[in-house]
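Peer 1: Contents of model_29.cif (mmCIF, N, CA and C atoms):
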data_model
#
loop_
_atom_site.label_atom_id
_atom_site.label_comp_id
_atom_site.auth_asym_id
_atom_site.auth_seq_id
_atom_site.Cartn_x
_atom_site.Cartn_y
_atom_site.Cartn_z
N MET A 18 96.99 69.72 82.20
CA MET A 18 96.56 70.96 82.82
C MET A 18 96.96 71.02 84.29
N ALA A 19 97.14 69.91 84.94
CA ALA A 19 97.46 69.90 86.36
C ALA A 19 98.82 70.54 86.65
N VAL A 20 99.83 70.25 85.85
CA VAL A 20 101.16 70.79 86.10
C VAL A 20 101.20 72.31 85.91
N PRO A 21 100.67 72.87 84.81
CA PRO A 21 100.67 74.33 84.70
C PRO A 21 99.91 75.01 85.83
N HIS A 22 98.81 74.40 86.25
CA HIS A 22 98.03 74.98 87.35
C HIS A 22 98.85 74.95 88.64
N TYR A 23 99.52 73.85 88.89
CA TYR A 23 100.35 73.73 90.09
C TYR A 23 101.47 74.77 90.08
N MET A 24 102.12 74.95 88.94
CA MET A 24 103.24 75.87 88.85
C MET A 24 102.80 77.33 88.98
N ALA A 25 101.56 77.63 88.64
CA ALA A 25 101.08 79.00 88.68
C ALA A 25 100.43 79.35 90.01
N SER A 26 100.36 78.41 90.94
CA SER A 26 99.69 78.69 92.20
C SER A 26 100.55 78.25 93.38
N GLY A 27 100.20 78.74 94.55
CA GLY A 27 100.89 78.33 95.78
C GLY A 27 102.37 78.61 95.76
N MET A 28 103.15 77.79 96.44
CA MET A 28 104.60 77.99 96.51
C MET A 28 105.26 77.71 95.17
N GLY A 29 104.49 77.18 94.22
CA GLY A 29 105.07 76.91 92.91
C GLY A 29 105.18 78.15 92.04
N GLY A 30 104.54 79.27 92.42
CA GLY A 30 104.54 80.42 91.53
C GLY A 30 104.44 81.76 92.22
N ILE A 31 103.95 82.72 91.48
CA ILE A 31 103.97 84.12 91.89
C ILE A 31 102.92 84.47 92.94
N ARG A 32 101.99 83.59 93.26
CA ARG A 32 100.99 83.92 94.27
C ARG A 32 101.61 84.03 95.65
N SER A 33 102.73 83.41 95.85
CA SER A 33 103.43 83.54 97.13
C SER A 33 104.88 83.88 96.79
N ALA A 34 105.83 83.06 97.22
CA ALA A 34 107.23 83.35 96.92
C ALA A 34 107.91 82.18 96.21
N GLY A 35 107.12 81.28 95.65
CA GLY A 35 107.69 80.10 94.99
C GLY A 35 108.62 80.43 93.86
N ASP A 36 108.29 81.46 93.08
CA ASP A 36 109.15 81.84 91.97
C ASP A 36 110.50 82.37 92.48
N LEU A 37 110.46 83.07 93.59
CA LEU A 37 111.70 83.62 94.16
C LEU A 37 112.57 82.52 94.75
N VAL A 38 111.93 81.58 95.43
CA VAL A 38 112.65 80.44 96.02
C VAL A 38 113.27 79.60 94.91
N ALA A 39 112.51 79.30 93.87
CA ALA A 39 113.02 78.51 92.75
C ALA A 39 114.18 79.22 92.06
N ARG A 40 114.05 80.53 91.91
CA ARG A 40 115.13 81.30 91.28
C ARG A 40 116.43 81.14 92.06
N MET A 41 116.36 81.17 93.39
CA MET A 41 117.56 81.03 94.20
C MET A 41 118.09 79.60 94.17
N GLN A 42 117.18 78.63 94.09
CA GLN A 42 117.63 77.24 93.99
C GLN A 42 118.46 77.04 92.73
N PHE A 43 117.99 77.60 91.62
CA PHE A 43 118.68 77.38 90.35
C PHE A 43 119.89 78.29 90.17
N SER A 44 119.77 79.56 90.54
CA SER A 44 120.87 80.49 90.28
C SER A 44 122.03 80.33 91.26
N LYS A 45 121.74 79.99 92.50
CA LYS A 45 122.79 79.85 93.52
C LYS A 45 123.00 78.41 93.96
N ASN A 46 122.33 77.48 93.28
CA ASN A 46 122.47 76.05 93.57
C ASN A 46 122.17 75.74 95.05
N MET A 47 121.09 76.33 95.57
CA MET A 47 120.72 76.14 96.97
C MET A 47 119.72 75.00 97.13
N LYS A 48 119.75 74.38 98.27
CA LYS A 48 118.71 73.43 98.64
C LYS A 48 117.46 74.25 98.97
N ILE A 49 116.29 73.62 98.89
CA ILE A 49 115.04 74.36 99.08
C ILE A 49 114.96 75.04 100.45
N LYS A 50 115.41 74.36 101.49
CA LYS A 50 115.38 74.95 102.84
C LYS A 50 116.23 76.21 102.90
N ASP A 51 117.42 76.13 102.33
CA ASP A 51 118.33 77.28 102.32
C ASP A 51 117.77 78.42 101.47
N ALA A 52 117.17 78.07 100.32
CA ALA A 52 116.58 79.07 99.44
C ALA A 52 115.42 79.79 100.12
N LYS A 53 114.57 79.04 100.83
CA LYS A 53 113.46 79.65 101.56
C LYS A 53 113.97 80.61 102.62
N GLU A 54 114.97 80.19 103.36
CA GLU A 54 115.55 81.03 104.41
C GLU A 54 116.16 82.30 103.82
N TYR A 55 116.87 82.15 102.70
CA TYR A 55 117.50 83.29 102.04
C TYR A 55 116.46 84.30 101.58
N VAL A 56 115.42 83.82 100.89
CA VAL A 56 114.36 84.69 100.39
C VAL A 56 113.64 85.37 101.55
N ALA A 57 113.30 84.61 102.57
CA ALA A 57 112.60 85.18 103.73
C ALA A 57 113.43 86.28 104.37
N LYS A 58 114.72 86.04 104.52
CA LYS A 58 115.60 87.05 105.12
C LYS A 58 115.66 88.31 104.26
N LYS A 59 115.80 88.15 102.96
CA LYS A 59 115.86 89.29 102.05
C LYS A 59 114.56 90.09 102.05
N LEU A 60 113.42 89.39 102.20
CA LEU A 60 112.12 90.07 102.21
C LEU A 60 111.75 90.60 103.59
N GLY A 61 112.48 90.16 104.61
CA GLY A 61 112.22 90.61 105.97
C GLY A 61 111.00 89.97 106.60
N ILE A 62 110.74 88.72 106.24
CA ILE A 62 109.61 87.97 106.79
C ILE A 62 110.08 86.59 107.22
N SER A 63 109.17 85.81 107.83
CA SER A 63 109.53 84.46 108.27
C SER A 63 109.38 83.47 107.10
N THR A 64 109.97 82.29 107.27
CA THR A 64 109.85 81.26 106.24
C THR A 64 108.42 80.76 106.12
N LEU A 65 107.63 80.87 107.16
CA LEU A 65 106.21 80.49 107.06
C LEU A 65 105.42 81.51 106.26
N GLU A 66 105.78 82.77 106.39
CA GLU A 66 105.05 83.83 105.69
C GLU A 66 105.28 83.83 104.19
N ILE A 67 106.39 83.27 103.72
CA ILE A 67 106.62 83.27 102.27
C ILE A 67 105.64 82.38 101.52
N ALA A 68 104.97 81.50 102.23
CA ALA A 68 103.95 80.65 101.61
C ALA A 68 102.54 81.20 101.79
N ASP A 69 102.40 82.30 102.50
CA ASP A 69 101.09 82.90 102.75
C ASP A 69 100.74 83.87 101.62
N GLU A 70 99.69 83.55 100.85
CA GLU A 70 99.32 84.36 99.70
C GLU A 70 98.95 85.79 100.07
N HIS A 71 98.31 85.99 101.20
CA HIS A 71 97.88 87.33 101.59
C HIS A 71 99.07 88.20 102.00
N VAL A 72 99.97 87.64 102.77
CA VAL A 72 101.18 88.38 103.16
C VAL A 72 102.00 88.72 101.93
N MET A 73 102.18 87.75 101.05
CA MET A 73 103.02 87.95 99.88
C MET A 73 102.38 88.92 98.88
N ARG A 74 101.06 88.90 98.76
CA ARG A 74 100.40 89.83 97.84
C ARG A 74 100.72 91.28 98.24
N GLU A 75 100.56 91.57 99.50
CA GLU A 75 100.84 92.92 99.99
C GLU A 75 102.32 93.27 99.85
N LEU A 76 103.17 92.32 100.19
CA LEU A 76 104.62 92.55 100.11
C LEU A 76 105.07 92.73 98.67
N ARG A 77 104.53 91.90 97.76
CA ARG A 77 104.89 92.02 96.34
C ARG A 77 104.48 93.38 95.78
N GLU A 78 103.32 93.86 96.18
CA GLU A 78 102.89 95.18 95.72
C GLU A 78 103.81 96.26 96.29
N GLU A 79 104.11 96.15 97.57
CA GLU A 79 104.97 97.14 98.25
C GLU A 79 106.38 97.17 97.65
N LEU A 80 106.95 95.99 97.39
CA LEU A 80 108.31 95.90 96.86
C LEU A 80 108.38 96.02 95.35
N LYS A 81 107.21 96.03 94.71
CA LYS A 81 107.11 96.16 93.25
C LYS A 81 107.81 95.02 92.52
N ILE A 82 107.51 93.78 92.96
CA ILE A 82 108.13 92.61 92.34
C ILE A 82 107.12 91.73 91.62
N GLY A 83 105.96 92.29 91.28
CA GLY A 83 104.98 91.59 90.47
C GLY A 83 103.95 90.82 91.27
N VAL A 84 102.72 90.85 90.77
CA VAL A 84 101.60 90.10 91.34
C VAL A 84 100.88 89.38 90.22
N VAL A 85 100.02 88.42 90.57
CA VAL A 85 99.31 87.64 89.57
C VAL A 85 98.39 88.51 88.73
N THR A 86 97.56 89.30 89.37
CA THR A 86 96.63 90.17 88.64
C THR A 86 97.26 91.54 88.47
N GLY A 87 96.98 92.16 87.37
CA GLY A 87 97.56 93.47 87.10
C GLY A 87 97.05 94.53 88.05
N VAL A 88 97.94 95.34 88.54
CA VAL A 88 97.61 96.48 89.38
C VAL A 88 98.03 97.71 88.58
N PRO A 89 97.08 98.63 88.33
CA PRO A 89 97.44 99.81 87.54
C PRO A 89 98.64 100.56 88.12
N GLY A 90 99.60 100.83 87.26
CA GLY A 90 100.79 101.56 87.67
C GLY A 90 101.88 100.71 88.30
N ALA A 91 101.58 99.45 88.60
CA ALA A 91 102.58 98.57 89.23
C ALA A 91 103.49 97.96 88.16
N PRO A 92 104.77 97.79 88.49
CA PRO A 92 105.68 97.18 87.52
C PRO A 92 105.31 95.74 87.20
N ARG A 93 105.50 95.35 85.96
CA ARG A 93 105.34 93.96 85.56
C ARG A 93 106.46 93.64 84.59
N GLY A 94 106.54 92.39 84.24
CA GLY A 94 107.54 91.96 83.28
C GLY A 94 108.96 92.28 83.72
N ILE A 95 109.71 92.87 82.78
CA ILE A 95 111.13 93.12 83.02
C ILE A 95 111.35 94.10 84.17
N ALA A 96 110.46 95.06 84.35
CA ALA A 96 110.60 96.02 85.46
C ALA A 96 110.52 95.29 86.80
N ALA A 97 109.56 94.37 86.93
CA ALA A 97 109.44 93.59 88.17
C ALA A 97 110.67 92.70 88.36
N LYS A 98 111.16 92.11 87.27
CA LYS A 98 112.34 91.26 87.38
C LYS A 98 113.56 92.05 87.83
N MET A 99 113.68 93.27 87.36
CA MET A 99 114.82 94.09 87.78
C MET A 99 114.74 94.41 89.27
N ASN A 100 113.54 94.60 89.78
CA ASN A 100 113.37 94.82 91.22
C ASN A 100 113.70 93.55 92.01
N ILE A 101 113.30 92.40 91.48
CA ILE A 101 113.63 91.10 92.11
C ILE A 101 115.14 90.93 92.16
N GLU A 102 115.80 91.26 91.07
CA GLU A 102 117.25 91.15 90.98
C GLU A 102 117.93 91.96 92.08
N LYS A 103 117.47 93.17 92.32
CA LYS A 103 118.06 94.03 93.36
C LYS A 103 117.81 93.46 94.75
N ILE A 104 116.57 93.05 95.00
CA ILE A 104 116.21 92.57 96.33
C ILE A 104 116.93 91.29 96.69
N LEU A 105 117.01 90.35 95.75
CA LEU A 105 117.63 89.06 96.03
C LEU A 105 119.14 89.06 95.80
N ASN A 106 119.68 90.17 95.31
CA ASN A 106 121.11 90.27 95.06
C ASN A 106 121.60 89.13 94.17
N THR A 107 120.96 89.02 93.03
CA THR A 107 121.31 87.98 92.06
C THR A 107 121.23 88.55 90.66
N LYS A 108 121.78 87.86 89.70
CA LYS A 108 121.71 88.28 88.30
C LYS A 108 120.60 87.49 87.61
N ILE A 109 119.82 88.17 86.79
CA ILE A 109 118.78 87.52 85.99
C ILE A 109 119.14 87.74 84.53
N ASN A 110 119.24 86.66 83.78
CA ASN A 110 119.71 86.73 82.39
C ASN A 110 118.90 87.70 81.54
N SER A 111 117.58 87.68 81.66
CA SER A 111 116.75 88.56 80.84
C SER A 111 117.00 90.03 81.18
N CYS A 112 117.30 90.32 82.42
CA CYS A 112 117.62 91.70 82.82
C CYS A 112 118.96 92.12 82.23
N GLU A 113 119.92 91.22 82.26
CA GLU A 113 121.23 91.51 81.67
C GLU A 113 121.10 91.77 80.17
N LYS A 114 120.32 90.94 79.50
CA LYS A 114 120.12 91.10 78.06
C LYS A 114 119.41 92.42 77.77
N PHE A 115 118.42 92.77 78.57
CA PHE A 115 117.71 94.03 78.40
C PHE A 115 118.65 95.21 78.56
N ARG A 116 119.52 95.16 79.56
CA ARG A 116 120.49 96.23 79.76
C ARG A 116 121.41 96.39 78.56
N LYS A 117 121.86 95.26 78.01
CA LYS A 117 122.74 95.32 76.84
C LYS A 117 122.01 95.90 75.64
N MET A 118 120.76 95.50 75.46
CA MET A 118 119.97 95.99 74.32
C MET A 118 119.68 97.49 74.43
N THR A 119 119.45 97.95 75.65
CA THR A 119 119.10 99.36 75.86
C THR A 119 120.31 100.21 76.25
N ARG A 120 121.45 99.55 76.43
CA ARG A 120 122.70 100.21 76.83
C ARG A 120 122.55 100.98 78.13
N LEU A 121 121.88 100.34 79.11
CA LEU A 121 121.71 100.95 80.44
C LEU A 121 122.85 100.59 81.35
#
Kindly present the structure from the file in structure tokens form.
Peer 2:
Amino acid sequence: MAVPHYMASGMGGIRSAGDLVARMQFSKNMKIKDAKEYVAKKLGISTLEIADEHVMRELREELKIGVVTGVPGAPRGIAAKMNIEKILNTKINSCEKFRKMTRL
């Protein structure tokens, strides 16, 4: 239970920017420092702020890139991923597959 909890909280997950940093590490083969700097620059915040849950909660709602708890009318799932894809200027496989399936 410790590992799933760790991955779902803090910099490990969606409560801050851990999911975005990890995505850049894997998709662009970046070191963690470089990935944090890249994400912070794209979001228009400092590298310290990407680990702040309160700053990121507001920013995630504003940018429509998903939050832990559901917000009525806010994008989730594939819609949030498509917004992440635009903001980070990267390709996400599930978004590509969705586009092919829906012919968008």
Peer 1: Do a neighbour search on region 84-101 of chain A at 7 Å with only N, CA and C atoms, toss out local chain neighbours closer than 3 positions, and write the hits as a list in words.
Peer 2: Ile31, Arg32, Arg74, Arg77, Glu78, Leu80, Lys81, Ile104, Leu105, Asn106, Thr107, Ser111 and Cys112 of chain A
Peer 1: Let me have the centre and edge lengths in Å, one decimal, of the box along x, y and z around every listed atom of region 47-50 of chain A with 5 Å of margin on each side, as JSON.
Peer 2:
{"center_x": 118.0, "center_y": 74.9, "center_z": 99.2, "size_x": 16.1, "size_y": 12.9, "size_z": 17.3}
Peer 1: Mind pulling up the distance from CA of Ala34 (chain A) to CA of Ala57 (chain A)?
Peer 2: 8.9 Å
Peer 1: Between CA of Ala52 (chain A) and CA of Val38 (chain A), what is the distance in Å, rounded to a tenth?
Peer 2: 5.4 Å
Peer 1: Can you list every residue in region 20-107 of chain A that DSSP puts in helix (DSSP H, G or I), as number ranges by chain?
Peer 2: A: 20-24, 27-29, 35-44, 49-60, 66-68, 70-80, 95-105
Peer 1: What is the atom N of Ile67 (chain A) to CA of Gly35 (chain A) distance in Å?
Peer 2: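 These atoms are spaced 9.4 Å apart.
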Peer 1: When distances are computed from only C-alpha atoms, which of A:Lys117, A:Gln42, A:Ile109, A:Val56 shows the smallest separation from Ala68 (chain A)?
Peer 2: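 Smallest distance to Ala68 (chain A) is found for A:Val56.
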Peer 1: I'd like to know which of A:Ser33, A:Lys108, A:Arg120, A:Ser44 is closest to Asp69 (chain A), using only C-alpha atoms.
Peer 2: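 Among the listed residues, A:Ser33 lies closest to Asp69 (chain A).
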Peer 1: Reconstruct all heavy atoms of region 110-121 of chain A from the incomplete input and present them as a PDB file, in the frame of the given file.
Peer 2:
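What ended up in out_5.pdb:
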ATOM      1  N   ASN A 110     119.240  86.660  83.780  1.00  0.00           N
ATOM      2  CA  ASN A 110     119.710  86.730  82.390  1.00  0.00           C
ATOM      3  C   ASN A 110     118.900  87.700  81.540  1.00  0.00           C
ATOM      4  O   ASN A 110     119.464  88.467  80.764  1.00  0.00           O
ATOM      5  CB  ASN A 110     119.710  85.346  81.746  1.00  0.00           C
ATOM      6  CG  ASN A 110     120.777  84.444  82.325  1.00  0.00           C
ATOM      7  OD1 ASN A 110     121.761  84.911  82.893  1.00  0.00           O
ATOM      8  ND2 ASN A 110     120.583  83.150  82.202  1.00  0.00           N
ATOM      9  N   SER A 111     117.580  87.680  81.660  1.00  0.00           N
ATOM     10  CA  SER A 111     116.750  88.560  80.840  1.00  0.00           C
ATOM     11  C   SER A 111     117.000  90.030  81.180  1.00  0.00           C
ATOM     12  O   SER A 111     116.932  90.895  80.301  1.00  0.00           O
ATOM     13  CB  SER A 111     115.269  88.218  80.970  1.00  0.00           C
ATOM     14  OG  SER A 111     114.852  88.308  82.311  1.00  0.00           O
ATOM     15  N   CYS A 112     117.300  90.320  82.420  1.00  0.00           N
ATOM     16  CA  CYS A 112     117.620  91.700  82.820  1.00  0.00           C
ATOM     17  C   CYS A 112     118.960  92.120  82.230  1.00  0.00           C
ATOM     18  O   CYS A 112     119.106  93.255  81.749  1.00  0.00           O
ATOM     19  CB  CYS A 112     117.655  91.829  84.341  1.00  0.00           C
ATOM     20  SG  CYS A 112     116.069  91.579  85.130  1.00  0.00           S
ATOM     21  N   GLU A 113     119.920  91.220  82.260  1.00  0.00           N
ATOM     22  CA  GLU A 113     121.230  91.510  81.670  1.00  0.00           C
ATOM     23  C   GLU A 113     121.100  91.770  80.170  1.00  0.00           C
ATOM     24  O   GLU A 113     121.679  92.721  79.652  1.00  0.00           O
ATOM     25  CB  GLU A 113     122.199  90.335  81.913  1.00  0.00           C
ATOM     26  CG  GLU A 113     122.613  90.169  83.359  1.00  0.00           C
ATOM     27  CD  GLU A 113     123.475  91.314  83.842  1.00  0.00           C
ATOM     28  OE1 GLU A 113     124.404  91.727  83.122  1.00  0.00           O
ATOM     29  OE2 GLU A 113     123.194  91.825  84.939  1.00  0.00           O
ATOM     30  N   LYS A 114     120.320  90.940  79.500  1.00  0.00           N
ATOM     31  CA  LYS A 114     120.120  91.100  78.060  1.00  0.00           C
ATOM     32  C   LYS A 114     119.410  92.420  77.770  1.00  0.00           C
ATOM     33  O   LYS A 114     119.764  93.130  76.833  1.00  0.00           O
ATOM     34  CB  LYS A 114     119.312  89.933  77.505  1.00  0.00           C
ATOM     35  CG  LYS A 114     119.186  89.935  76.014  1.00  0.00           C
ATOM     36  CD  LYS A 114     118.578  88.675  75.480  1.00  0.00           C
ATOM     37  CE  LYS A 114     118.577  88.725  73.965  1.00  0.00           C
ATOM     38  NZ  LYS A 114     118.087  87.478  73.386  1.00  0.00           N
ATOM     39  N   PHE A 115     118.420  92.770  78.570  1.00  0.00           N
ATOM     40  CA  PHE A 115     117.710  94.030  78.400  1.00  0.00           C
ATOM     41  C   PHE A 115     118.650  95.210  78.560  1.00  0.00           C
ATOM     42  O   PHE A 115     118.598  96.157  77.780  1.00  0.00           O
ATOM     43  CB  PHE A 115     116.564  94.119  79.430  1.00  0.00           C
ATOM     44  CG  PHE A 115     115.757  95.371  79.317  1.00  0.00           C
ATOM     45  CD1 PHE A 115     114.805  95.515  78.316  1.00  0.00           C
ATOM     46  CD2 PHE A 115     115.944  96.415  80.209  1.00  0.00           C
ATOM     47  CE1 PHE A 115     114.053  96.689  78.208  1.00  0.00           C
ATOM     48  CE2 PHE A 115     115.212  97.591  80.120  1.00  0.00           C
ATOM     49  CZ  PHE A 115     114.255  97.719  79.111  1.00  0.00           C
ATOM     50  N   ARG A 116     119.520  95.160  79.560  1.00  0.00           N
ATOM     51  CA  ARG A 116     120.490  96.230  79.760  1.00  0.00           C
ATOM     52  C   ARG A 116     121.410  96.390  78.560  1.00  0.00           C
ATOM     53  O   ARG A 116     121.738  97.511  78.152  1.00  0.00           O
ATOM     54  CB  ARG A 116     121.304  95.995  81.024  1.00  0.00           C
ATOM     55  CG  ARG A 116     120.588  96.311  82.283  1.00  0.00           C
ATOM     56  CD  ARG A 116     121.537  96.272  83.488  1.00  0.00           C
ATOM     57  NE  ARG A 116     120.768  96.094  84.686  1.00  0.00           N
ATOM     58  CZ  ARG A 116     120.461  94.923  85.232  1.00  0.00           C
ATOM     59  NH1 ARG A 116     120.907  93.798  84.721  1.00  0.00           N
ATOM     60  NH2 ARG A 116     119.730  94.868  86.323  1.00  0.00           N
ATOM     61  N   LYS A 117     121.860  95.260  78.010  1.00  0.00           N
ATOM     62  CA  LYS A 117     122.740  95.320  76.840  1.00  0.00           C
ATOM     63  C   LYS A 117     122.010  95.900  75.640  1.00  0.00           C
ATOM     64  O   LYS A 117     122.574  96.707  74.892  1.00  0.00           O
ATOM     65  CB  LYS A 117     123.267  93.924  76.502  1.00  0.00           C
ATOM     66  CG  LYS A 117     124.327  93.438  77.460  1.00  0.00           C
ATOM     67  CD  LYS A 117     124.805  92.060  77.102  1.00  0.00           C
ATOM     68  CE  LYS A 117     125.770  91.540  78.156  1.00  0.00           C
ATOM     69  NZ  LYS A 117     126.138  90.134  77.916  1.00  0.00           N
ATOM     70  N   MET A 118     120.760  95.500  75.460  1.00  0.00           N
ATOM     71  CA  MET A 118     119.970  95.990  74.320  1.00  0.00           C
ATOM     72  C   MET A 118     119.680  97.490  74.430  1.00  0.00           C
ATOM     73  O   MET A 118     119.681  98.198  73.432  1.00  0.00           O
ATOM     74  CB  MET A 118     118.649  95.217  74.204  1.00  0.00           C
ATOM     75  CG  MET A 118     118.840  93.782  73.743  1.00  0.00           C
ATOM     76  SD  MET A 118     117.296  92.834  73.806  1.00  0.00           S
ATOM     77  CE  MET A 118     116.239  93.774  72.759  1.00  0.00           C
ATOM     78  N   THR A 119     119.450  97.950  75.650  1.00  0.00           N
ATOM     79  CA  THR A 119     119.100  99.360  75.860  1.00  0.00           C
ATOM     80  C   THR A 119     120.310 100.210  76.250  1.00  0.00           C
ATOM     81  O   THR A 119     120.183 101.417  76.427  1.00  0.00           O
ATOM     82  CB  THR A 119     118.010  99.508  76.926  1.00  0.00           C
ATOM     83  OG1 THR A 119     118.469  98.933  78.145  1.00  0.00           O
ATOM     84  CG2 THR A 119     116.722  98.848  76.487  1.00  0.00           C
ATOM     85  N   ARG A 120     121.450  99.550  76.430  1.00  0.00           N
ATOM     86  CA  ARG A 120     122.700 100.210  76.830  1.00  0.00           C
ATOM     87  C   ARG A 120     122.550 100.980  78.130  1.00  0.00           C
ATOM     88  O   ARG A 120     123.019 102.091  78.281  1.00  0.00           O
ATOM     89  CB  ARG A 120     123.203 101.099  75.725  1.00  0.00           C
ATOM     90  CG  ARG A 120     123.558 100.324  74.494  1.00  0.00           C
ATOM     91  CD  ARG A 120     124.178 101.185  73.452  1.00  0.00           C
ATOM     92  NE  ARG A 120     124.547 100.379  72.314  1.00  0.00           N
ATOM     93  CZ  ARG A 120     124.014 100.512  71.097  1.00  0.00           C
ATOM     94  NH1 ARG A 120     123.134 101.445  70.861  1.00  0.00           N
ATOM     95  NH2 ARG A 120     124.384  99.729  70.130  1.00  0.00           N
ATOM     96  N   LEU A 121     121.880 100.340  79.110  1.00  0.00           N
ATOM     97  CA  LEU A 121     121.710 100.950  80.440  1.00  0.00           C
ATOM     98  C   LEU A 121     122.850 100.590  81.350  1.00  0.00           C
ATOM     99  O   LEU A 121     123.395  99.583  81.342  1.00  0.00           O
ATOM    100  CB  LEU A 121     120.399 100.486  81.079  1.00  0.00           C
ATOM    101  CG  LEU A 121     119.149 100.990  80.449  1.00  0.00           C
ATOM    102  CD1 LEU A 121     117.925 100.378  81.130  1.00  0.00           C
ATOM    103  CD2 LEU A 121     119.057 102.504  80.561  1.00  0.00           C
TER     104      LEU A 121
END
